[in-house]
Structures are given as C-alpha cells and as structure tokens.
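Here's target.cif, which has mmCIF, C-alpha atoms (C1' of nucleotides):
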```cif
data_my_file
loop_
_atom_site.label_atom_id
_atom_site.label_comp_id
_atom_site.auth_asym_id
_atom_site.auth_seq_id
_atom_site.Cartn_x
_atom_site.Cartn_y
_atom_site.Cartn_z
CA MET A 1 -42.38 -2.07 -28.86
CA PHE A 2 -40.67 0.48 -26.60
CA TYR A 3 -39.10 0.30 -23.17
CA THR A 4 -38.41 3.02 -20.62
CA ILE A 5 -34.96 3.42 -19.16
CA GLY A 6 -36.06 1.57 -16.02
CA GLU A 7 -37.31 -1.43 -17.98
CA MET A 8 -34.19 -1.54 -20.11
CA ALA A 9 -31.96 -1.23 -17.07
CA GLN A 10 -33.74 -4.20 -15.51
CA LYS A 11 -33.29 -6.27 -18.69
CA LEU A 12 -29.58 -5.50 -18.69
CA ASN A 13 -29.21 -5.75 -14.93
CA VAL A 14 -27.67 -2.29 -14.52
CA ALA A 15 -28.82 0.86 -12.70
CA PRO A 16 -30.87 3.36 -14.70
CA SER A 17 -28.33 6.01 -13.70
CA THR A 18 -25.67 3.98 -15.48
CA LEU A 19 -27.61 4.10 -18.74
CA ARG A 20 -28.13 7.86 -18.32
CA TYR A 21 -24.42 8.24 -17.72
CA TYR A 22 -23.59 6.23 -20.85
CA ASP A 23 -26.04 8.33 -22.83
CA LYS A 24 -24.52 11.57 -21.54
CA GLU A 25 -21.08 10.30 -22.54
CA GLY A 26 -22.27 9.65 -26.07
CA LEU A 27 -22.28 5.85 -25.88
CA LEU A 28 -25.94 5.54 -26.81
CA PRO A 29 -26.41 7.76 -29.87
CA PHE A 30 -29.18 5.44 -31.04
CA VAL A 31 -31.77 6.02 -28.29
CA GLU A 32 -34.82 7.98 -29.34
CA ARG A 33 -36.92 10.29 -27.20
CA SER A 34 -40.65 10.80 -26.79
CA ASN A 35 -42.21 14.24 -27.24
CA GLY A 36 -41.86 14.77 -23.52
CA GLY A 37 -38.11 13.99 -23.67
CA ILE A 38 -38.32 10.49 -22.22
CA ARG A 39 -35.92 7.86 -23.61
CA MET A 40 -37.62 5.18 -25.66
CA PHE A 41 -35.51 2.05 -26.07
CA LYS A 42 -36.33 -0.26 -28.98
CA ASP A 43 -35.76 -3.99 -29.28
CA GLU A 44 -33.02 -3.43 -31.82
CA ASP A 45 -31.20 -1.18 -29.33
CA MET A 46 -30.52 -4.37 -27.39
CA GLU A 47 -28.00 -5.36 -30.04
CA TRP A 48 -26.04 -2.15 -29.47
CA LEU A 49 -26.22 -2.52 -25.73
CA ARG A 50 -25.03 -6.11 -26.04
CA MET A 51 -22.14 -4.86 -28.16
CA LEU A 52 -21.41 -2.25 -25.50
CA GLY A 53 -21.44 -4.93 -22.81
CA CYS A 54 -19.11 -7.11 -24.85
CA LEU A 55 -16.59 -4.31 -25.38
CA LYS A 56 -16.79 -3.38 -21.72
CA LYS A 57 -16.14 -6.96 -20.64
CA ALA A 58 -13.20 -6.97 -23.01
CA GLY A 59 -11.83 -4.07 -20.95
CA MET A 60 -12.34 -1.31 -23.51
CA PRO A 61 -12.55 2.15 -21.89
CA LEU A 62 -15.80 4.06 -22.35
CA ARG A 63 -14.30 6.76 -24.56
CA GLU A 64 -13.17 4.08 -27.06
CA ILE A 65 -16.58 2.50 -26.97
CA ARG A 66 -18.03 5.93 -27.76
CA ASN A 67 -15.61 6.14 -30.66
CA PHE A 68 -16.84 2.75 -31.91
CA MET A 69 -20.47 3.81 -31.56
CA GLU A 70 -19.81 7.01 -33.48
CA CYS A 71 -18.16 5.02 -36.27
CA SER A 72 -21.17 2.73 -36.39
CA ARG A 73 -23.47 5.71 -36.88
CA GLN A 74 -21.42 6.79 -39.86
CA GLY A 75 -22.30 3.64 -41.75
CA ASP A 76 -20.36 1.48 -44.19
CA ALA A 77 -17.51 3.96 -44.70
CA THR A 78 -16.12 3.04 -41.27
CA ILE A 79 -16.20 -0.76 -41.58
CA SER A 80 -12.40 -1.14 -41.76
CA GLN A 81 -11.94 1.20 -38.83
CA ARG A 82 -14.39 -0.79 -36.74
CA LEU A 83 -12.77 -4.06 -37.80
CA GLU A 84 -9.44 -2.68 -36.68
CA LEU A 85 -10.87 -1.70 -33.31
CA ILE A 86 -12.36 -5.17 -32.86
CA GLU A 87 -9.10 -6.86 -33.79
CA LYS A 88 -7.17 -4.67 -31.40
CA GLN A 89 -9.57 -5.54 -28.60
CA ARG A 90 -9.48 -9.21 -29.52
CA GLN A 91 -5.70 -9.16 -29.13
CA SER A 92 -6.11 -7.43 -25.79
CA VAL A 93 -8.37 -10.25 -24.62
CA LEU A 94 -5.80 -12.83 -25.74
CA ASP A 95 -3.18 -10.94 -23.72
CA GLN A 96 -5.46 -10.85 -20.70
CA GLN A 97 -6.00 -14.60 -21.02
CA LYS A 98 -2.26 -15.20 -21.04
CA GLN A 99 -1.94 -13.00 -17.97
CA LEU A 100 -4.67 -14.86 -16.12
CA GLU A 101 -3.04 -18.19 -16.89
CA ASP A 102 0.23 -17.05 -15.33
CA THR A 103 -1.69 -15.73 -12.34
CA LEU A 104 -3.58 -19.00 -11.98
CA LEU A 105 -0.34 -20.98 -11.90
CA MET A 106 0.91 -18.73 -9.12
CA LEU A 107 -2.32 -19.15 -7.16
CA ASP A 108 -2.19 -22.92 -7.69
CA TYR A 109 1.29 -22.89 -6.26
CA LYS A 110 0.22 -20.80 -3.28
CA GLN A 111 -2.75 -23.09 -2.72
CA TRP A 112 -0.44 -26.09 -2.64
CA TYR A 113 1.94 -24.12 -0.42
CA TYR A 114 -0.70 -23.40 2.21
CA GLN A 115 -2.30 -26.84 1.95
CA THR A 116 1.10 -28.35 2.69
CA ALA A 117 1.74 -25.86 5.47
CA GLN A 118 -1.69 -26.61 6.92
CA ALA A 119 -0.97 -30.34 6.95
CA ALA A 120 2.39 -29.73 8.63
CA GLY A 121 0.98 -27.14 11.01
CA THR A 122 3.61 -24.60 10.02
CA CYS A 123 4.93 -22.70 7.00
CA ALA A 124 8.42 -23.63 8.14
CA VAL A 125 8.01 -26.93 6.32
CA HIS A 126 8.82 -25.09 3.10
CA GLU A 127 12.19 -23.91 4.29
CA THR A 128 13.56 -27.42 4.41
CA MET A 129 11.60 -28.91 1.54
CA PRO A 130 13.79 -30.56 -1.08
CA LEU A 131 13.14 -29.52 -4.69
CA GLU A 132 11.89 -33.01 -5.57
CA GLU A 133 8.92 -32.64 -3.26
CA ILE A 134 7.69 -29.53 -5.04
CA PRO A 135 5.19 -30.58 -7.73
CA GLU A 136 6.84 -30.35 -11.10
CA ARG A 137 4.61 -27.71 -12.60
CA PHE A 138 5.65 -25.25 -9.87
CA ARG A 139 9.39 -25.79 -10.15
CA SER A 140 9.92 -23.34 -12.96
CA LEU A 141 8.18 -20.68 -10.85
CA VAL A 142 10.35 -21.30 -7.82
CA ALA A 143 13.50 -21.48 -9.94
CA VAL A 144 12.85 -18.05 -11.43
CA TRP A 145 12.42 -16.55 -7.98
CA GLU A 146 15.61 -18.01 -6.62
CA ALA A 147 17.54 -16.71 -9.61
CA GLU A 148 16.20 -13.20 -9.07
CA GLU A 149 17.11 -12.86 -5.44
CA MET B 1 21.96 -6.64 1.01
CA PHE B 2 19.53 -3.72 1.12
CA TYR B 3 17.76 -1.67 -1.54
CA THR B 4 16.28 1.82 -1.38
CA ILE B 5 12.72 2.41 -2.48
CA GLY B 6 13.98 3.70 -5.83
CA GLU B 7 16.01 0.58 -6.52
CA MET B 8 13.17 -1.70 -5.51
CA ALA B 9 10.70 0.25 -7.61
CA GLN B 10 12.99 -0.17 -10.62
CA LYS B 11 13.27 -3.92 -10.01
CA LEU B 12 9.49 -4.19 -9.88
CA ASN B 13 8.91 -1.71 -12.66
CA VAL B 14 6.60 0.50 -10.62
CA ALA B 15 6.85 4.12 -9.44
CA PRO B 16 8.44 4.73 -6.02
CA SER B 17 5.30 6.65 -5.09
CA THR B 18 3.29 3.48 -5.65
CA LEU B 19 5.41 1.59 -3.11
CA ARG B 20 5.03 4.47 -0.63
CA TYR B 21 1.30 4.36 -1.20
CA TYR B 22 1.20 0.60 -0.61
CA ASP B 23 3.25 1.04 2.53
CA LYS B 24 0.95 3.79 3.81
CA GLU B 25 -2.04 1.51 3.19
CA GLY B 26 -0.46 -1.25 5.25
CA LEU B 27 0.41 -3.58 2.38
CA LEU B 28 4.11 -3.67 3.19
CA PRO B 29 4.31 -4.35 6.95
CA PHE B 30 7.61 -6.13 6.37
CA VAL B 31 9.77 -3.19 5.24
CA GLU B 32 12.36 -2.04 7.74
CA ARG B 33 13.71 1.47 8.16
CA SER B 34 17.19 2.88 8.67
CA ASN B 35 17.94 5.13 11.66
CA GLY B 36 17.19 8.12 9.43
CA GLY B 37 13.78 6.70 8.57
CA ILE B 38 14.62 5.50 5.08
CA ARG B 39 12.99 2.27 3.88
CA MET B 40 15.42 -0.62 3.51
CA PHE B 41 14.11 -3.40 1.28
CA LYS B 42 15.65 -6.85 1.68
CA ASP B 43 15.97 -9.63 -0.90
CA GLU B 44 13.38 -11.67 0.93
CA ASP B 45 10.92 -8.80 0.67
CA MET B 46 10.82 -9.59 -3.04
CA GLU B 47 8.80 -12.69 -2.25
CA TRP B 48 6.13 -10.60 -0.53
CA LEU B 49 6.10 -8.07 -3.33
CA ARG B 50 5.77 -10.90 -5.84
CA MET B 51 2.85 -12.23 -3.85
CA LEU B 52 1.34 -8.75 -3.83
CA GLY B 53 1.76 -8.53 -7.60
CA CYS B 54 0.16 -11.91 -8.06
CA LEU B 55 -2.87 -11.02 -5.95
CA LYS B 56 -3.19 -7.71 -7.75
CA LYS B 57 -3.11 -9.40 -11.15
CA ALA B 58 -5.78 -11.75 -9.86
CA GLY B 59 -7.94 -8.67 -9.32
CA MET B 60 -7.85 -8.62 -5.53
CA PRO B 61 -8.55 -5.14 -4.10
CA LEU B 62 -5.78 -3.55 -2.05
CA ARG B 63 -7.66 -3.74 1.27
CA GLU B 64 -7.95 -7.52 0.89
CA ILE B 65 -4.28 -7.75 0.06
CA ARG B 66 -3.59 -5.79 3.25
CA ASN B 67 -5.75 -8.28 5.09
CA PHE B 68 -3.67 -11.13 3.63
CA MET B 69 -0.42 -9.42 4.56
CA GLU B 70 -1.64 -8.85 8.11
CA CYS B 71 -2.53 -12.53 8.38
CA SER B 72 0.92 -13.47 7.14
CA ARG B 73 2.53 -11.39 9.87
CA GLN B 74 0.53 -13.29 12.45
CA GLY B 75 2.27 -16.52 11.54
CA ASP B 76 1.11 -20.11 11.42
CA ALA B 77 -2.16 -19.49 13.27
CA THR B 78 -3.61 -17.91 10.13
CA ILE B 79 -2.64 -20.58 7.58
CA SER B 80 -6.24 -21.77 7.02
CA GLN B 81 -7.45 -18.23 6.69
CA ARG B 82 -4.81 -17.48 4.08
CA LEU B 83 -5.56 -20.71 2.25
CA GLU B 84 -9.20 -19.73 2.15
CA LEU B 85 -8.33 -16.31 0.71
CA ILE B 86 -6.13 -17.91 -1.95
CA GLU B 87 -8.84 -20.40 -2.89
CA LYS B 88 -11.41 -17.65 -3.13
CA GLN B 89 -9.15 -15.65 -5.40
CA ARG B 90 -8.32 -18.74 -7.46
CA GLN B 91 -12.04 -19.23 -8.06
CA SER B 92 -12.33 -15.59 -9.04
CA VAL B 93 -9.60 -16.09 -11.66
CA LEU B 94 -11.43 -19.15 -13.02
CA ASP B 95 -14.58 -17.02 -13.29
CA GLN B 96 -12.66 -14.28 -15.06
CA GLN B 97 -11.28 -16.85 -17.50
CA LYS B 98 -14.77 -18.06 -18.28
CA GLN B 99 -15.87 -14.48 -18.78
CA LEU B 100 -12.99 -13.77 -21.14
CA GLU B 101 -13.77 -16.87 -23.18
CA ASP B 102 -17.34 -15.69 -23.72
CA THR B 103 -16.07 -12.25 -24.62
CA LEU B 104 -13.56 -13.71 -27.07
CA LEU B 105 -16.28 -15.66 -28.85
CA MET B 106 -18.28 -12.44 -29.24
CA LEU B 107 -15.26 -10.59 -30.57
CA ASP B 108 -14.51 -13.47 -32.96
CA TYR B 109 -18.04 -13.17 -34.22
CA LYS B 110 -17.78 -9.42 -34.62
CA GLN B 111 -14.46 -9.84 -36.40
CA TRP B 112 -16.05 -12.25 -38.85
CA TYR B 113 -19.03 -9.90 -39.15
CA TYR B 114 -16.89 -6.93 -40.17
CA GLN B 115 -14.58 -9.00 -42.36
CA THR B 116 -17.64 -10.20 -44.27
CA ALA B 117 -19.08 -6.71 -44.38
CA GLN B 118 -15.76 -5.36 -45.61
CA ALA B 119 -15.64 -7.95 -48.42
CA ALA B 120 -19.20 -7.09 -49.41
CA GLY B 121 -18.65 -3.36 -49.02
CA THR B 122 -21.66 -3.00 -46.73
CA CYS B 123 -23.04 -4.24 -43.40
CA ALA B 124 -26.35 -4.81 -45.17
CA VAL B 125 -25.03 -8.18 -46.31
CA HIS B 126 -25.87 -9.51 -42.84
CA GLU B 127 -29.54 -8.64 -43.10
CA THR B 128 -30.10 -11.14 -45.88
CA MET B 129 -27.57 -13.76 -44.82
CA PRO B 130 -29.07 -17.23 -44.42
CA LEU B 131 -28.27 -19.02 -41.17
CA GLU B 132 -26.21 -21.66 -43.02
CA GLU B 133 -23.65 -19.07 -44.03
CA ILE B 134 -22.95 -18.06 -40.45
CA PRO B 135 -20.01 -20.14 -39.17
CA GLU B 136 -21.30 -22.81 -36.85
CA ARG B 137 -19.54 -21.67 -33.71
CA PHE B 138 -21.36 -18.32 -33.88
CA ARG B 139 -24.84 -19.73 -34.43
CA SER B 140 -25.61 -20.28 -30.76
CA LEU B 141 -24.71 -16.64 -30.10
CA VAL B 142 -27.02 -15.32 -32.79
CA ALA B 143 -29.81 -17.70 -31.77
CA VAL B 144 -29.76 -16.41 -28.20
CA TRP B 145 -30.04 -12.82 -29.38
CA GLU B 146 -32.98 -13.49 -31.65
CA ALA B 147 -34.79 -15.28 -28.84
CA GLU B 148 -34.30 -12.33 -26.50
CA GLU B 149 -35.69 -9.69 -28.78
"C1'" DA C 1 31.44 22.11 4.28
"C1'" DT C 2 28.39 22.05 0.75
"C1'" DA C 3 26.00 20.76 -3.28
"C1'" DT C 4 23.04 17.47 -5.05
"C1'" DA C 5 20.27 13.56 -5.65
"C1'" DA C 6 17.25 10.59 -3.49
"C1'" DC C 7 14.86 9.99 0.29
"C1'" DT C 8 10.72 11.51 3.87
"C1'" DT C 9 5.58 12.94 5.00
"C1'" DA C 10 1.01 14.99 4.55
"C1'" DA C 11 -2.15 16.70 1.76
"C1'" DA C 12 -4.10 17.70 -2.44
"C1'" DG C 13 -4.98 16.36 -7.23
"C1'" DT C 14 -6.30 13.02 -10.99
"C1'" DC C 15 -8.86 9.60 -13.50
"C1'" DA C 16 -12.45 6.34 -14.72
"C1'" DA C 17 -16.77 4.89 -13.90
"C1'" DC C 18 -20.35 5.46 -11.62
"C1'" DT C 19 -23.96 7.09 -7.91
"C1'" DT C 20 -26.48 10.47 -5.42
"C1'" DT C 21 -28.92 14.64 -4.79
"C1'" DA C 22 -31.92 18.40 -5.85
"C1'" DA C 23 -35.29 20.34 -8.33
"C1'" DG C 24 -38.32 19.68 -11.49
"C1'" DT C 25 -41.48 17.19 -15.50
"C1'" DC C 26 -44.27 13.43 -17.53
"C1'" DA C 27 -47.77 9.78 -17.62
"C1'" DA C 28 -51.20 6.56 -15.60
"C1'" DG C 29 -54.80 5.53 -12.45
"C1'" DC C 30 -58.47 7.18 -9.51
"C1'" DG D 1 -57.91 17.46 -11.57
"C1'" DC D 2 -54.77 15.31 -8.54
"C1'" DT D 3 -51.69 12.02 -6.66
"C1'" DT D 4 -47.97 9.04 -7.39
"C1'" DG D 5 -44.19 6.86 -9.33
"C1'" DA D 6 -40.96 7.01 -12.91
"C1'" DC D 7 -38.91 9.91 -15.68
"C1'" DT D 8 -35.67 14.45 -16.73
"C1'" DT D 9 -31.13 17.34 -16.06
"C1'" DA D 10 -27.12 19.40 -13.90
"C1'" DA D 11 -24.06 19.20 -10.53
"C1'" DA D 12 -21.86 17.29 -6.74
"C1'" DG D 13 -20.16 13.17 -4.35
"C1'" DT D 14 -17.89 8.43 -4.17
"C1'" DT D 15 -14.44 4.76 -4.79
"C1'" DG D 16 -10.10 2.72 -5.90
"C1'" DA D 17 -5.68 3.27 -7.13
"C1'" DC D 18 -2.54 6.08 -7.79
"C1'" DT D 19 0.33 10.66 -8.77
"C1'" DT D 20 1.79 15.19 -7.74
"C1'" DT D 21 3.16 18.88 -4.87
"C1'" DA D 22 5.34 21.22 -1.11
"C1'" DA D 23 8.33 21.38 2.41
"C1'" DG D 24 11.73 19.26 4.52
"C1'" DT D 25 15.61 15.40 5.70
"C1'" DT D 26 19.34 12.03 4.64
"C1'" DA D 27 23.30 10.27 2.31
"C1'" DT D 28 27.09 10.77 -0.85
"C1'" DA D 29 30.58 12.88 -3.60
"C1'" DT D 30 33.64 16.56 -4.02
#
```
As structure tokens - that is how I would like this structure written.
Amino acid sequence: MFYTIGEMAQKLNVAPSTLRYYDKEGLLPFVERSNGGIRMFKDEDMEWLRMLGCLKKAGMPLREIRNFMECSRQGDATISQRLELIEKQRQSVLDQQKQLEDTLLMLDYKQWYYQTAQAAGTCAVHETMPLEEIPERFRSLVAVWEAEE
Amino acid sequence: MFYTIGEMAQKLNVAPSTLRYYDKEGLLPFVERSNGGIRMFKDEDMEWLRMLGCLKKAGMPLREIRNFMECSRQGDATISQRLELIEKQRQSVLDQQKQLEDTLLMLDYKQWYYQTAQAAGTCAVHETMPLEEIPERFRSLVAVWEAEE
DNA sequence: ATATAACTTAAAGTCAACTTTAAGTCAAGC
DNA sequence: GCTTGACTTAAAGTTGACTTTAAGTTATAT
C-alpha cells in the first residue's frame, strides 16, 4: 500500500512542502519514487517519520536527524553510534525538563503575585509585604533575587 | 548604582548586542539614558530582565514579551491583563512538560531498542521479539504504532 | 590633549526551518 | 484526447532572534 506526499502529509498533519523540504535535506533517504518521479510512501516509512517527529520534539536540529537517518541506512555497524545519539538527546530532554520546572516555579510565583495584586487593586501591596506572607515555596526565589541586587 | 550595557550583559550572560536588540524592539522601556545617550541600567532593572528571561524560557515570543512590558508600564490598570498573560504562558509550560514526557518515553524506548540490538549485534533481533520481552512501559507505544499501520 | 576602550545607531548579514512561487509533469476521470 | 488536480524541481521569500559591520560618539586614563 502506497501513499502520495499529500496523503502522508495529512496523516502526519504537516504541509506537503515540509516533507519535500525534509527529503531535499536528506532526512528521508527511505522514500521510493514511481517511474514518473513521484514519491511513494510505504506503511513502514511511518516508523521513520515517527522517529523523525520524536527527535524533532526532543529539540534535535535537522542536520543531526539527517545524520541519524544516514546511520540507520548503514545498518548494524552504526548501532552504537545511534545509541549514543539517542542517549545524548535523552539527556537533553532531561535538561529541558529541569529548565521547564524552574520556569514553572517562576510563573507560579508571578501568578500568585498578580492574583494578590489584583485582590489588593495595586502592585504596591508587594512593596510592604512581610516575608511571612509570601508562600513558602516562593521564598527561595525571592531570597536569591534580593541577594543579587 | 548604575551599570553600562556591557556590565549588565555580563551579569546576565548575554551579548551586549542582544540587549540593544531587545531595547530596539521595545522590550526594555525601563532603561534610562545618560546625557550622552548611554544606557544606564539600575539594580531594579534586574527584576524586569529576570522577568524577561523567565518569559523567554517559557517560550514566549519577543513581541508578546514587549506587550507584557508595555502593560507593566501602564501600571495597576493592566494587572488582570498581565495575570491572564502569565496564566496563558503557565499553561503553555504545562503543555510543553507533557510533550517532553511523551518524548522521553519514546527516547527511553529507543534507548532500550538500541541497547538490545547492540547486545544482539543486530537490529534484526526486534523483528522476532515476542511482545512479552518488550518492557511493559513501552508496550502501549508499540501497540499504537501497529494499530496505525 | 589625546589615545583607547566602550559606548551609540542604522543597516545589512546569518541561521534554522520552513513556505511560496513559477514553470512544468503526471495520473485519473470524462 | 483533454481537463483537472496533485505532483515535480529550483529558486526566492519569510520569520524570529540575533549578530556583525560601519561610521561615529562618549568617557576615562595618562
């Protein structure tokens, strides 16, 4: 069973031009062509495209994804190299998670800050707020800032 | 106590040109200038720059950050609007976290996949692997793929 | 007074990841 | 056989976030 680029793009929810771009950049070395030169996607290509999507979501740049795809084409000799790439990207995701957690704490604090200001009708309420009224989980944040300034 | 753009850039670990760019784009409406036209950063500006950094890490585009900064300048009348922006961005971070968790599971699976392939010396080991030998937490992943194809 | 280092602006350049355009080809239905 | 819609390529354009360059100004140290 084959799919045209338009059908595949719809399945993946991307623009056909995006798939052509990926192909041009060497990210889709697996796609076959008809006699007339038209791309024929197979069901098993989905697995590669899913892999591509996963690496993209992990923040891997396209040229590294191409690298990974090229390794895959070369077969079992590149297993360790691919494992290394995956492990590197896995660590990158762990780092991103840590980063997002810090960011979330800051946004939680700002949310509380503006909720409090909204209730008081003015941001000035925070200038006179005693430390004890700041929820505990935000105190470390605020402490760091005051030390820096 | 005032800082030049170079000093402030060093404190924030960014290039001075980045701060000039942010200023040009209206993200730093708070910076004052000397008679000669040189930017004079104050200690309290740090709080705005920290806010900017937080919103950037949360993935907010610069024009929305400018919007937020403009609101801030307008004082207490825009508290609800700013709260709304923060809550929107907080939700976006939660979504990103969810996304990263899915991505991590896929990478964990791929890591296991290549570790197993490495031990066996070939990826072919996965073609004949019975479902029971796939670690449980990956089975839902694999099941979804087989249903799709 | 002058050298020098760090500042200033405006404009152009860069990079990644696409998207759009132009000109043309392929495939399916009538 | 012809129309039509989806495909093809190459090349140019877009967007966001900077960075670099060029030409000039300010501040400081001698």
Fitted copy of chain A on chain B, all Cα, as a short mmCIF file (atom, residue, chain, number, x, y, z; two decimals) with C-alpha atoms, in the frame of the given file:
```cif
data_model
loop_
_atom_site.label_atom_id
_atom_site.label_comp_id
_atom_site.auth_asym_id
_atom_site.auth_seq_id
_atom_site.Cartn_x
_atom_site.Cartn_y
_atom_site.Cartn_z
CA MET A 1 21.93 -6.57 0.68
CA PHE A 2 19.50 -3.63 0.83
CA TYR A 3 17.70 -1.60 -1.79
CA THR A 4 16.19 1.88 -1.62
CA ILE A 5 12.62 2.45 -2.67
CA GLY A 6 13.80 3.77 -6.04
CA GLU A 7 15.86 0.66 -6.76
CA MET A 8 13.05 -1.64 -5.70
CA ALA A 9 10.53 0.29 -7.76
CA GLN A 10 12.77 -0.12 -10.80
CA LYS A 11 13.08 -3.88 -10.19
CA LEU A 12 9.31 -4.19 -10.00
CA ASN A 13 8.66 -1.70 -12.77
CA VAL A 14 6.36 0.52 -10.69
CA ALA A 15 6.62 4.15 -9.53
CA PRO A 16 8.24 4.77 -6.15
CA SER A 17 5.10 6.67 -5.16
CA THR A 18 3.13 3.47 -5.68
CA LEU A 19 5.29 1.60 -3.19
CA ARG A 20 4.93 4.47 -0.69
CA TYR A 21 1.19 4.35 -1.19
CA TYR A 22 1.12 0.58 -0.60
CA ASP A 23 3.22 1.04 2.51
CA LYS A 24 0.91 3.76 3.84
CA GLU A 25 -2.06 1.46 3.25
CA GLY A 26 -0.43 -1.27 5.30
CA LEU A 27 0.39 -3.61 2.41
CA LEU A 28 4.10 -3.69 3.18
CA PRO A 29 4.36 -4.37 6.92
CA PHE A 30 7.67 -6.13 6.31
CA VAL A 31 9.80 -3.19 5.12
CA GLU A 32 12.43 -2.01 7.56
CA ARG A 33 13.76 1.50 7.99
CA SER A 34 17.23 2.94 8.45
CA ASN A 35 18.03 5.20 11.41
CA GLY A 36 17.23 8.17 9.23
CA GLY A 37 13.77 6.74 8.39
CA ILE A 38 14.61 5.56 4.88
CA ARG A 39 12.99 2.32 3.68
CA MET A 40 15.42 -0.55 3.30
CA PHE A 41 14.10 -3.35 1.09
CA LYS A 42 15.67 -6.79 1.48
CA ASP A 43 15.96 -9.56 -1.08
CA GLU A 44 13.42 -11.64 0.78
CA ASP A 45 10.92 -8.76 0.54
CA MET A 46 10.78 -9.57 -3.17
CA GLU A 47 8.80 -12.69 -2.33
CA TRP A 48 6.14 -10.61 -0.58
CA LEU A 49 6.05 -8.09 -3.38
CA ARG A 50 5.71 -10.92 -5.89
CA MET A 51 2.83 -12.27 -3.83
CA LEU A 52 1.30 -8.79 -3.82
CA GLY A 53 1.66 -8.58 -7.59
CA CYS A 54 0.07 -11.99 -8.02
CA LEU A 55 -2.94 -11.09 -5.87
CA LYS A 56 -3.29 -7.78 -7.67
CA LYS A 57 -3.24 -9.47 -11.07
CA ALA A 58 -5.87 -11.84 -9.75
CA GLY A 59 -8.03 -8.75 -9.18
CA MET A 60 -7.90 -8.70 -5.39
CA PRO A 61 -8.61 -5.23 -3.96
CA LEU A 62 -5.83 -3.61 -1.93
CA ARG A 63 -7.68 -3.79 1.38
CA GLU A 64 -7.95 -7.59 1.02
CA ILE A 65 -4.30 -7.82 0.15
CA ARG A 66 -3.57 -5.84 3.33
CA ASN A 67 -5.70 -8.34 5.21
CA PHE A 68 -3.65 -11.19 3.72
CA MET A 69 -0.39 -9.46 4.61
CA GLU A 70 -1.55 -8.91 8.18
CA CYS A 71 -2.46 -12.59 8.47
CA SER A 72 0.98 -13.52 7.19
CA ARG A 73 2.60 -11.44 9.91
CA GLN A 74 0.65 -13.34 12.52
CA GLY A 75 2.38 -16.58 11.60
CA ASP A 76 1.19 -20.18 11.50
CA ALA A 77 -2.07 -19.56 13.37
CA THR A 78 -3.54 -17.96 10.23
CA ILE A 79 -2.60 -20.65 7.69
CA SER A 80 -6.19 -21.85 7.16
CA GLN A 81 -7.42 -18.29 6.82
CA ARG A 82 -4.80 -17.54 4.19
CA LEU A 83 -5.55 -20.79 2.38
CA GLU A 84 -9.19 -19.80 2.29
CA LEU A 85 -8.33 -16.40 0.85
CA ILE A 86 -6.17 -18.01 -1.83
CA GLU A 87 -8.87 -20.50 -2.75
CA LYS A 88 -11.45 -17.75 -2.97
CA GLN A 89 -9.19 -15.76 -5.27
CA ARG A 90 -8.39 -18.84 -7.32
CA GLN A 91 -12.10 -19.34 -7.92
CA SER A 92 -12.40 -15.70 -8.90
CA VAL A 93 -9.69 -16.20 -11.52
CA LEU A 94 -11.52 -19.25 -12.89
CA ASP A 95 -14.66 -17.12 -13.15
CA GLN A 96 -12.75 -14.37 -14.91
CA GLN A 97 -11.37 -16.93 -17.36
CA LYS A 98 -14.87 -18.14 -18.15
CA GLN A 99 -15.95 -14.55 -18.68
CA LEU A 100 -13.06 -13.82 -21.02
CA GLU A 101 -13.84 -16.90 -23.07
CA ASP A 102 -17.41 -15.74 -23.63
CA THR A 103 -16.12 -12.29 -24.51
CA LEU A 104 -13.59 -13.74 -26.95
CA LEU A 105 -16.31 -15.68 -28.76
CA MET A 106 -18.28 -12.46 -29.14
CA LEU A 107 -15.23 -10.61 -30.46
CA ASP A 108 -14.48 -13.48 -32.85
CA TYR A 109 -18.00 -13.18 -34.15
CA LYS A 110 -17.70 -9.42 -34.55
CA GLN A 111 -14.36 -9.86 -36.30
CA TRP A 112 -15.95 -12.25 -38.76
CA TYR A 113 -18.90 -9.87 -39.08
CA TYR A 114 -16.74 -6.92 -40.08
CA GLN A 115 -14.41 -9.00 -42.24
CA THR A 116 -17.45 -10.18 -44.18
CA ALA A 117 -18.88 -6.68 -44.33
CA GLN A 118 -15.51 -5.37 -45.52
CA ALA A 119 -15.40 -7.93 -48.32
CA ALA A 120 -18.95 -7.04 -49.35
CA GLY A 121 -18.37 -3.32 -48.95
CA THR A 122 -21.39 -2.96 -46.69
CA CYS A 123 -22.81 -4.20 -43.39
CA ALA A 124 -26.10 -4.74 -45.19
CA VAL A 125 -24.81 -8.12 -46.30
CA HIS A 126 -25.70 -9.44 -42.86
CA GLU A 127 -29.34 -8.54 -43.15
CA THR A 128 -29.91 -11.03 -45.91
CA MET A 129 -27.41 -13.66 -44.85
CA PRO A 130 -28.93 -17.12 -44.48
CA LEU A 131 -28.20 -18.93 -41.21
CA GLU A 132 -26.13 -21.57 -43.02
CA GLU A 133 -23.55 -19.00 -44.02
CA ILE A 134 -22.87 -18.00 -40.43
CA PRO A 135 -19.96 -20.10 -39.12
CA GLU A 136 -21.30 -22.76 -36.82
CA ARG A 137 -19.58 -21.65 -33.66
CA PHE A 138 -21.38 -18.29 -33.84
CA ARG A 139 -24.87 -19.65 -34.41
CA SER A 140 -25.66 -20.21 -30.77
CA LEU A 141 -24.75 -16.57 -30.10
CA VAL A 142 -27.00 -15.24 -32.83
CA ALA A 143 -29.83 -17.58 -31.83
CA VAL A 144 -29.81 -16.29 -28.26
CA TRP A 145 -30.04 -12.71 -29.48
CA GLU A 146 -32.95 -13.37 -31.78
CA ALA A 147 -34.83 -15.11 -28.99
CA GLU A 148 -34.35 -12.15 -26.68
CA GLU A 149 -35.64 -9.48 -28.99
#
```
Could you check the closest approach to DT8 (chain C) for each of D:DA10, D:DC18, D:DA23, D:DA29 and tell me which residue wins, using only C-alpha atoms (C1' of nucleotides)?
D:DA23
Can you list what the PyMOL selection byres ((chain A) within 6 of (chain B)) grabs from this structure, as a PyMOL selection string?
chain A and resi 43+54+76+83+114+122+149
Target residues per the PyMOL selection byres ((chain C and resi 11-27) around 12), formatted as a ChimeraX atom specification:
/A:4,14-22,25,34-39,56,60-63 /C:9-10,28-29 /D:3-23
Expected selection from the PyMOL selection byres ((chain C and resi 3) around 9), given as a ChimeraX atom specification
/C:2,4 /D:30
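Atom to atom, CA of Pro135 (chain B) and CA of Phe30 (chain A) stand 28.4 Å apart.
If you look at CA of Gln74 (chain A) and CA of Ser140 (chain B), they are 28.9 Å away from each other.
The space between CA of Met40 (chain B) and CA of Gly6 (chain B) spans 10.4 Å.
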